[in-house]
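File shown: target.tsv (TSV, C-alpha atoms and all ligand atoms).
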```tsv
chain	number	residue	atom	x	y	z
D	233	MET	CA	13.20	-20.17	-4.37
D	234	ILE	CA	15.30	-22.01	-6.89
D	235	THR	CA	18.27	-20.93	-8.94
D	236	ILE	CA	18.59	-21.69	-12.63
D	237	THR	CA	21.43	-20.93	-15.01
D	238	VAL	CA	20.15	-19.07	-18.05
D	239	ASN	CA	22.43	-17.79	-20.78
D	240	GLY	CA	25.43	-18.27	-18.51
D	241	GLN	CA	23.97	-16.31	-15.60
D	242	GLU	CA	22.49	-17.59	-12.36
D	243	ARG	CA	18.90	-16.38	-12.06
D	244	ARG	CA	16.54	-16.72	-9.11
D	245	PHE	CA	13.00	-17.94	-9.54
D	246	GLU	CA	10.62	-17.30	-6.66
D	247	GLY	CA	7.40	-18.80	-8.05
D	248	ASP	CA	5.84	-22.25	-8.02
D	249	GLU	CA	8.48	-24.83	-8.83
D	250	ASP	CA	6.05	-26.66	-11.13
D	251	THR	CA	5.75	-23.58	-13.36
D	252	PRO	CA	6.70	-24.45	-16.93
D	253	LEU	CA	10.18	-23.16	-17.72
D	254	LEU	CA	8.64	-21.22	-20.62
D	255	TRP	CA	6.73	-18.97	-18.22
D	256	ALA	CA	9.68	-18.55	-15.88
D	257	LEU	CA	11.74	-17.37	-18.84
D	258	ARG	CA	9.12	-15.07	-20.32
D	259	GLU	CA	7.24	-13.71	-17.32
D	260	ASP	CA	9.80	-13.74	-14.56
D	261	LEU	CA	13.10	-13.29	-16.39
D	262	GLY	CA	11.79	-11.13	-19.25
D	263	LEU	CA	13.29	-13.34	-21.95
D	264	THR	CA	10.46	-13.03	-24.42
D	265	GLY	CA	12.34	-14.38	-27.43
D	266	THR	CA	11.10	-17.83	-26.42
D	267	LYS	CA	7.52	-17.98	-27.69
D	268	PHE	CA	4.31	-19.59	-26.48
D	269	GLY	CA	2.52	-21.42	-29.25
D	270	CYS	CA	0.57	-24.51	-28.28
D	271	GLY	CA	1.65	-25.12	-24.70
D	272	ALA	CA	1.41	-28.83	-25.46
D	273	GLY	CA	4.85	-29.74	-26.72
D	274	LEU	CA	3.75	-29.81	-30.34
D	275	CYS	CA	4.78	-26.61	-32.13
D	276	GLY	CA	8.32	-25.98	-30.89
D	277	ALA	CA	7.88	-22.20	-30.61
D	278	CYS	CA	9.23	-22.49	-27.06
D	279	THR	CA	12.39	-24.43	-27.96
D	280	VAL	CA	15.44	-23.70	-25.80
D	281	HIS	CA	18.66	-25.59	-25.20
D	282	VAL	CA	18.96	-27.59	-21.98
D	283	ASP	CA	22.55	-28.68	-21.54
D	284	GLY	CA	22.91	-28.12	-25.30
D	285	GLU	CA	19.92	-30.22	-26.28
D	286	ALA	CA	16.86	-28.68	-27.93
D	287	MET	CA	13.84	-29.05	-25.67
D	288	ARG	CA	10.32	-27.62	-25.46
D	289	ALA	CA	10.28	-25.18	-22.54
D	290	CYS	CA	6.49	-25.49	-22.13
D	291	GLN	CA	6.98	-29.12	-21.11
D	292	ILE	CA	9.73	-28.67	-18.50
D	293	PRO	CA	8.85	-27.68	-14.91
D	294	VAL	CA	11.26	-25.03	-13.77
D	295	ASN	CA	12.50	-27.25	-10.92
D	296	MET	CA	13.79	-29.72	-13.53
D	297	ALA	CA	15.93	-26.95	-14.97
D	298	GLN	CA	17.76	-26.53	-11.70
D	299	GLY	CA	21.44	-27.46	-12.04
D	300	ARG	CA	21.24	-27.50	-15.83
D	301	SER	CA	22.40	-24.92	-18.34
D	302	ILE	CA	19.57	-23.20	-20.21
D	303	THR	CA	20.20	-21.21	-23.39
D	304	THR	CA	17.50	-19.11	-25.00
D	305	ILE	CA	17.56	-17.31	-28.34
D	306	GLU	CA	18.89	-14.26	-26.49
D	307	GLY	CA	21.83	-16.31	-25.26
D	308	LEU	CA	22.46	-17.91	-28.63
D	309	THR	CA	22.87	-14.49	-30.22
D	310	PRO	CA	26.40	-13.08	-29.81
D	311	ALA	CA	26.80	-9.66	-28.20
D	312	GLU	CA	27.75	-8.35	-31.63
D	313	GLY	CA	26.62	-9.84	-34.90
D	314	LEU	CA	24.58	-12.96	-35.44
D	315	HIS	CA	24.90	-16.64	-34.73
D	316	ALA	CA	25.70	-18.58	-37.93
D	317	VAL	CA	22.16	-19.98	-38.05
D	318	GLN	CA	20.70	-16.48	-37.71
D	319	ALA	CA	22.97	-15.19	-40.49
D	320	ALA	CA	21.86	-18.02	-42.77
D	321	TRP	CA	18.24	-17.17	-41.91
D	322	VAL	CA	18.80	-13.59	-43.03
D	323	ALA	CA	20.59	-14.66	-46.21
D	324	ALA	CA	17.79	-17.08	-47.13
D	325	GLN	CA	15.08	-14.59	-46.05
D	326	VAL	CA	13.38	-17.33	-44.04
D	327	PRO	CA	10.91	-15.58	-41.72
D	328	GLN	CA	7.47	-14.42	-42.69
D	329	CYS	CA	5.56	-13.43	-39.53
D	330	GLY	CA	8.58	-14.62	-37.55
D	331	TYR	CA	6.71	-16.02	-34.58
D	332	CYS	CA	8.02	-19.58	-34.87
D	333	GLN	CA	11.53	-18.59	-35.87
D	334	PRO	CA	13.32	-18.31	-32.49
D	335	GLY	CA	12.30	-21.87	-31.70
D	336	MET	CA	13.15	-22.99	-35.21
D	337	ILE	CA	16.62	-21.43	-34.99
D	338	MET	CA	17.25	-23.04	-31.59
D	339	ALA	CA	16.25	-26.44	-32.98
D	340	VAL	CA	18.51	-26.04	-36.03
D	341	ALA	CA	21.44	-24.79	-33.96
D	342	ALA	CA	21.23	-27.87	-31.72
D	343	LEU	CA	20.85	-30.18	-34.71
D	344	LEU	CA	23.94	-28.81	-36.47
D	345	LYS	CA	26.01	-28.85	-33.32
D	346	GLY	CA	25.34	-32.56	-32.94
D	347	ASN	CA	25.45	-33.36	-36.66
D	348	PRO	CA	27.22	-30.82	-38.93
D	349	ARG	CA	26.13	-32.69	-42.06
D	350	PRO	CA	22.51	-33.74	-41.58
D	351	ASP	CA	20.80	-35.34	-44.55
D	352	THR	CA	17.14	-34.60	-45.32
D	353	ALA	CA	15.93	-37.40	-43.05
D	354	ALA	CA	18.08	-36.13	-40.18
D	355	ILE	CA	16.76	-32.60	-40.68
D	356	HIS	CA	13.18	-33.81	-40.60
D	357	ALA	CA	13.87	-35.91	-37.51
D	358	GLY	CA	15.77	-33.14	-35.72
D	359	VAL	CA	13.55	-30.18	-36.55
D	360	THR	CA	9.93	-31.01	-35.81
D	361	ASN	CA	8.87	-27.41	-35.20
D	362	LEU	CA	5.74	-26.11	-36.88
D	363	CYS	CA	5.47	-22.94	-38.98
D	364	ARG	CA	2.02	-21.61	-39.77
D	365	CYS	CA	3.46	-19.43	-42.53
D	366	GLY	CA	4.96	-22.44	-44.31
D	367	THR	CA	8.57	-21.29	-44.45
D	368	TYR	CA	9.85	-24.87	-44.61
D	369	PRO	CA	11.46	-24.64	-48.09
D	370	ARG	CA	13.47	-21.60	-47.00
D	371	ILE	CA	14.44	-23.29	-43.76
D	372	VAL	CA	15.81	-26.22	-45.74
D	373	ALA	CA	17.66	-23.75	-48.02
D	374	ALA	CA	19.16	-21.97	-45.02
D	375	ILE	CA	20.28	-25.23	-43.45
D	376	GLY	CA	21.84	-26.11	-46.81
D	377	GLN	CA	24.06	-23.02	-46.51
D	378	LEU	CA	25.23	-24.21	-43.10
D	379	VAL	CA	26.05	-27.80	-43.97
D	380	LYS	CA	29.79	-28.13	-44.27
D	381	PRO	CA	31.09	-29.83	-47.41
D	382	ALA	CA	32.29	-33.40	-46.81
P	401	LIG	S1	4.57	-23.82	-26.95
P	401	LIG	FE1	5.90	-25.41	-26.41
P	401	LIG	S2	5.77	-26.82	-28.04
P	401	LIG	FE2	4.28	-25.31	-28.51
P	402	LIG	S1	7.21	-17.54	-39.94
P	402	LIG	FE1	5.13	-17.29	-39.29
P	402	LIG	S2	4.74	-19.06	-38.09
P	402	LIG	FE2	6.67	-19.43	-38.96
```
Will you turn the file into structure tokens for me?
Amino acid sequence: MITITVNGQERRFEGDEDTPLLWALREDLGLTGTKFGCGAGLCGACTVHVDGEAMRACQIPVNMAQGRSITTIEGLTPAEGLHAVQAAWVAAQVPQCGYCQPGMIMAVAALLKGNPRPDTAAIHAGVTNLCRCGTYPRIVAAIGQLVKPA
């Protein structure tokens, strides 16, 4: 049994310690906002924050999450209202099917926390998530709303 901190709460995980964090979150802890896409570290649908850094949960064994602070889309969302990135997503009407969007929002939230004024190159470098619906122009528009004026 190992203990991981998820969204500010200590949670127990009783399964195989090599289980990808993604499955521990979804199957064992019921946090289904983090999505399974490729399982190969490519699509970013499973993006969570590990100690504030955006990481692909399908690529992290749950034992590596021990002692670190994990935030999922459920934890990013305030008890009331929306996180600023979520509000910008609504204003820019970003999602189509929506499947990739939790991971996309987690990636953007981490990017902006580290760099409040990313240029286009920094956005492309920081947000490598894939969207089958092709919402990229709206994602860029939403990020534009969030970039603070110099
Ligand atoms: S499911 Fe993790 S990167 Fe695609
Ligand atoms: S909104 Fe459908 S995959 Fe991105």
- [ ] Check which residues fall inside 9 Å of ligand LIG 402 (chain P) when counting only C-alpha atoms and all ligand atoms, and print them as a list in words.
- [x] Ala277, Val326, Pro327, Gln328, Cys329, Gly330, Tyr331, Cys332, Gln333, Met336, Leu362, Cys363, Arg364, Cys365, Gly366, Thr367 and Tyr368 of chain D
Task: Local residues around (0.3, -24.6, -20.3), at most 10 Å away, using only C-alpha atoms, as a PyMOL selection string - done: chain D and resi 251-252+254-255+268-273+290-291
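Using only C-alpha atoms for every distance, the candidate list D:Arg288, D:His281, D:Lys267, D:Arg370 yields D:His281 as the residue closest to Gly307 in chain D.
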Task: Point-to-point distance from CA of Leu257 in chain D to CA of Pro293 in chain D, Å rounded to tenths - done: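 According to the coordinates, CA of Leu257 in chain D and CA of Pro293 in chain D are separated by 11.4 Å.
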Task: Best match for closeness to ligand LIG 401 (chain P) among D:Ala339, D:Val238, D:Ala311, D:Leu261, counting only C-alpha atoms and all ligand atoms - done: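 Counting only C-alpha atoms and all ligand atoms, the residue closest to ligand LIG 401 (chain P) is D:Ala339.
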Open item on the list: For a quick check of understanding, using only C-alpha atoms, which of D:Asn347, D:Gln325, D:Thr264, D:Gln318 has the smallest distance to Thr304 in chain D?
Closed with: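 Closest to Thr304 in chain D of all the choices is D:Thr264.
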Open item on the list: (18.5, -25.9, -25.8) in this file's frame - what residues fall within 7 Å of it? Use all atoms listed in the file and give the answer as an MDAnalysis selection string.
Closed with: chainID D and resid 279:287 302:304 338 342
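Distances to ligand LIG 401 (chain P) were evaluated for D:Gln377, D:Thr360, D:Thr352, D:Gln298 using all atoms listed in the file, and the minimum falls at D:Thr360.
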- [ ] Rank D:Ala297, D:Gly276, D:Val379, D:Leu253 by their smallest atom-to-atom distance to Thr235 in chain D, using all atoms listed in the file, and report the top residue only.
- [x]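 Among the listed residues, the smallest separation from Thr235 in chain D belongs to D:Ala297.
One distance worth recording is that between atom S2 of ligand LIG 401 (chain P) and CA of Ile371 in chain D, which is 18.3 Å.
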Open item on the list: Which residue is closest to ligand LIG 401 (chain P)? Choose from D:Pro310, D:Gly240, D:Gly335, D:Gly262 and count only C-alpha atoms and all ligand atoms.
Closed with: D:Gly335
Open item on the list: What's around Ala320 in chain D at 8 Å? Count all atoms listed in the file, leave out sequence neighbours fewer than 3 positions away in its own chain, and write the answer as an MDAnalysis selection string.
Closed with: chainID D and resid 316:317 323:324 374:375 377:378
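Across the model, the gap from CA of Thr266 in chain D to CA of Glu312 in chain D is 19.9 Å.
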Open item on the list: Just want the 10 Å neighbourhood of Asp260 in chain D, counted on only C-alpha atoms, with same-chain residues fewer than 6 positions away dropped. Output as a ChimeraX atom specification.
Closed with: /D:243-247,253-254
How would the residues just chosen look if you wrote them out with C-alpha atoms as an mmCIF file, keeping the file's coordinate frame?
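Generated output (again-v9.cif):
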```
data_model
loop_
_atom_site.group_PDB
_atom_site.id
_atom_site.type_symbol
_atom_site.label_atom_id
_atom_site.label_comp_id
_atom_site.auth_asym_id
_atom_site.auth_seq_id
_atom_site.Cartn_x
_atom_site.Cartn_y
_atom_site.Cartn_z
ATOM 1 C CA ARG D 243 18.900 -16.380 -12.060
ATOM 2 C CA ARG D 244 16.540 -16.720 -9.110
ATOM 3 C CA PHE D 245 13.000 -17.940 -9.540
ATOM 4 C CA GLU D 246 10.620 -17.300 -6.660
ATOM 5 C CA GLY D 247 7.400 -18.800 -8.050
ATOM 6 C CA LEU D 253 10.180 -23.160 -17.720
ATOM 7 C CA LEU D 254 8.640 -21.220 -20.620
#
```
Report, as lines of an AutoDock Vina configuration file, the centre and edge lengths in Å (one decimal) of the axis-aligned box enclosing every listed atom of ligand LIG 401 (chain P), padded by 8 Å on each side.
```
center_x = 5.1
center_y = -25.3
center_z = -27.5
size_x = 17.6
size_y = 19.0
size_z = 18.1
```
Could you add whatever atoms are missing so that range 362-373 of chain D carries all heavy atoms, then write the result as a PDB file, keeping the file's coordinate frame?
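Wrote it out as rebuild-v9.pdb, contents follow:
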```pdb
ATOM      1  N   LEU D 362       6.791 -26.456 -35.931  1.00  0.00           N
ATOM      2  CA  LEU D 362       5.740 -26.110 -36.880  1.00  0.00           C
ATOM      3  C   LEU D 362       5.807 -24.629 -37.237  1.00  0.00           C
ATOM      4  O   LEU D 362       6.142 -23.797 -36.399  1.00  0.00           O
ATOM      5  CB  LEU D 362       4.365 -26.421 -36.281  1.00  0.00           C
ATOM      6  CG  LEU D 362       4.155 -27.874 -35.844  1.00  0.00           C
ATOM      7  CD1 LEU D 362       2.774 -28.045 -35.226  1.00  0.00           C
ATOM      8  CD2 LEU D 362       4.355 -28.828 -37.012  1.00  0.00           C
ATOM      9  N   CYS D 363       5.498 -24.325 -38.500  1.00  0.00           N
ATOM     10  CA  CYS D 363       5.470 -22.940 -38.980  1.00  0.00           C
ATOM     11  C   CYS D 363       4.161 -22.724 -39.713  1.00  0.00           C
ATOM     12  O   CYS D 363       3.926 -23.319 -40.762  1.00  0.00           O
ATOM     13  CB  CYS D 363       6.660 -22.662 -39.905  1.00  0.00           C
ATOM     14  SG  CYS D 363       6.579 -21.021 -40.676  1.00  0.00           S
ATOM     15  N   ARG D 364       3.334 -21.860 -39.146  1.00  0.00           N
ATOM     16  CA  ARG D 364       2.020 -21.610 -39.770  1.00  0.00           C
ATOM     17  C   ARG D 364       2.169 -20.881 -41.091  1.00  0.00           C
ATOM     18  O   ARG D 364       1.266 -20.909 -41.934  1.00  0.00           O
ATOM     19  CB  ARG D 364       1.133 -20.793 -38.833  1.00  0.00           C
ATOM     20  CG  ARG D 364       0.684 -21.586 -37.642  1.00  0.00           C
ATOM     21  CD  ARG D 364      -0.180 -20.769 -36.739  1.00  0.00           C
ATOM     22  NE  ARG D 364      -1.401 -20.323 -37.421  1.00  0.00           N
ATOM     23  CZ  ARG D 364      -2.416 -19.783 -36.787  1.00  0.00           C
ATOM     24  NH1 ARG D 364      -2.373 -19.619 -35.479  1.00  0.00           N
ATOM     25  NH2 ARG D 364      -3.487 -19.395 -37.447  1.00  0.00           N
ATOM     26  N   CYS D 365       3.260 -20.168 -41.280  1.00  0.00           N
ATOM     27  CA  CYS D 365       3.460 -19.430 -42.530  1.00  0.00           C
ATOM     28  C   CYS D 365       4.032 -20.322 -43.636  1.00  0.00           C
ATOM     29  O   CYS D 365       4.100 -19.889 -44.783  1.00  0.00           O
ATOM     30  CB  CYS D 365       4.392 -18.245 -42.305  1.00  0.00           C
ATOM     31  SG  CYS D 365       3.751 -17.031 -41.152  1.00  0.00           S
ATOM     32  N   GLY D 366       4.460 -21.516 -43.288  1.00  0.00           N
ATOM     33  CA  GLY D 366       4.960 -22.440 -44.310  1.00  0.00           C
ATOM     34  C   GLY D 366       6.324 -22.082 -44.849  1.00  0.00           C
ATOM     35  O   GLY D 366       6.580 -22.179 -46.053  1.00  0.00           O
ATOM     36  N   THR D 367       7.220 -21.690 -43.990  1.00  0.00           N
ATOM     37  CA  THR D 367       8.570 -21.290 -44.450  1.00  0.00           C
ATOM     38  C   THR D 367       9.507 -22.486 -44.628  1.00  0.00           C
ATOM     39  O   THR D 367      10.711 -22.288 -44.819  1.00  0.00           O
ATOM     40  CB  THR D 367       9.207 -20.302 -43.441  1.00  0.00           C
ATOM     41  OG1 THR D 367       9.319 -20.931 -42.157  1.00  0.00           O
ATOM     42  CG2 THR D 367       8.382 -19.035 -43.315  1.00  0.00           C
ATOM     43  N   TYR D 368       8.986 -23.680 -44.591  1.00  0.00           N
ATOM     44  CA  TYR D 368       9.850 -24.870 -44.610  1.00  0.00           C
ATOM     45  C   TYR D 368      10.858 -24.904 -45.770  1.00  0.00           C
ATOM     46  O   TYR D 368      12.027 -25.243 -45.560  1.00  0.00           O
ATOM     47  CB  TYR D 368       9.013 -26.148 -44.590  1.00  0.00           C
ATOM     48  CG  TYR D 368       8.058 -26.225 -43.425  1.00  0.00           C
ATOM     49  CD1 TYR D 368       6.692 -26.115 -43.621  1.00  0.00           C
ATOM     50  CD2 TYR D 368       8.523 -26.391 -42.119  1.00  0.00           C
ATOM     51  CE1 TYR D 368       5.809 -26.172 -42.562  1.00  0.00           C
ATOM     52  CE2 TYR D 368       7.643 -26.449 -41.046  1.00  0.00           C
ATOM     53  CZ  TYR D 368       6.287 -26.334 -41.273  1.00  0.00           C
ATOM     54  OH  TYR D 368       5.417 -26.380 -40.217  1.00  0.00           O
ATOM     55  N   PRO D 369      10.452 -24.585 -47.010  1.00  0.00           N
ATOM     56  CA  PRO D 369      11.460 -24.640 -48.090  1.00  0.00           C
ATOM     57  C   PRO D 369      12.641 -23.702 -47.835  1.00  0.00           C
ATOM     58  O   PRO D 369      13.797 -24.050 -48.130  1.00  0.00           O
ATOM     59  CB  PRO D 369      10.672 -24.228 -49.345  1.00  0.00           C
ATOM     60  CG  PRO D 369       9.249 -24.539 -49.006  1.00  0.00           C
ATOM     61  CD  PRO D 369       9.114 -24.276 -47.530  1.00  0.00           C
ATOM     62  N   ARG D 370      12.366 -22.530 -47.277  1.00  0.00           N
ATOM     63  CA  ARG D 370      13.470 -21.600 -47.000  1.00  0.00           C
ATOM     64  C   ARG D 370      14.311 -22.066 -45.814  1.00  0.00           C
ATOM     65  O   ARG D 370      15.514 -21.812 -45.769  1.00  0.00           O
ATOM     66  CB  ARG D 370      12.912 -20.196 -46.753  1.00  0.00           C
ATOM     67  CG  ARG D 370      12.354 -19.597 -48.035  1.00  0.00           C
ATOM     68  CD  ARG D 370      11.925 -18.173 -47.837  1.00  0.00           C
ATOM     69  NE  ARG D 370      11.357 -17.638 -49.061  1.00  0.00           N
ATOM     70  CZ  ARG D 370      10.977 -16.389 -49.213  1.00  0.00           C
ATOM     71  NH1 ARG D 370      11.116 -15.528 -48.223  1.00  0.00           N
ATOM     72  NH2 ARG D 370      10.468 -15.981 -50.351  1.00  0.00           N
ATOM     73  N   ILE D 371      13.669 -22.716 -44.876  1.00  0.00           N
ATOM     74  CA  ILE D 371      14.440 -23.290 -43.760  1.00  0.00           C
ATOM     75  C   ILE D 371      15.413 -24.333 -44.292  1.00  0.00           C
ATOM     76  O   ILE D 371      16.596 -24.337 -43.927  1.00  0.00           O
ATOM     77  CB  ILE D 371      13.481 -23.894 -42.709  1.00  0.00           C
ATOM     78  CG1 ILE D 371      12.740 -22.768 -41.982  1.00  0.00           C
ATOM     79  CG2 ILE D 371      14.231 -24.794 -41.726  1.00  0.00           C
ATOM     80  CD1 ILE D 371      11.561 -23.225 -41.155  1.00  0.00           C
ATOM     81  N   VAL D 372      14.929 -25.189 -45.162  1.00  0.00           N
ATOM     82  CA  VAL D 372      15.810 -26.220 -45.740  1.00  0.00           C
ATOM     83  C   VAL D 372      16.942 -25.542 -46.530  1.00  0.00           C
ATOM     84  O   VAL D 372      18.104 -25.951 -46.453  1.00  0.00           O
ATOM     85  CB  VAL D 372      14.997 -27.183 -46.624  1.00  0.00           C
ATOM     86  CG1 VAL D 372      15.912 -28.100 -47.413  1.00  0.00           C
ATOM     87  CG2 VAL D 372      14.045 -28.001 -45.758  1.00  0.00           C
ATOM     88  N   ALA D 373      16.626 -24.472 -47.265  1.00  0.00           N
ATOM     89  CA  ALA D 373      17.660 -23.750 -48.020  1.00  0.00           C
ATOM     90  C   ALA D 373      18.698 -23.145 -47.077  1.00  0.00           C
ATOM     91  O   ALA D 373      19.909 -23.189 -47.339  1.00  0.00           O
ATOM     92  CB  ALA D 373      17.016 -22.664 -48.879  1.00  0.00           C
TER      93      ALA D 373
END
```
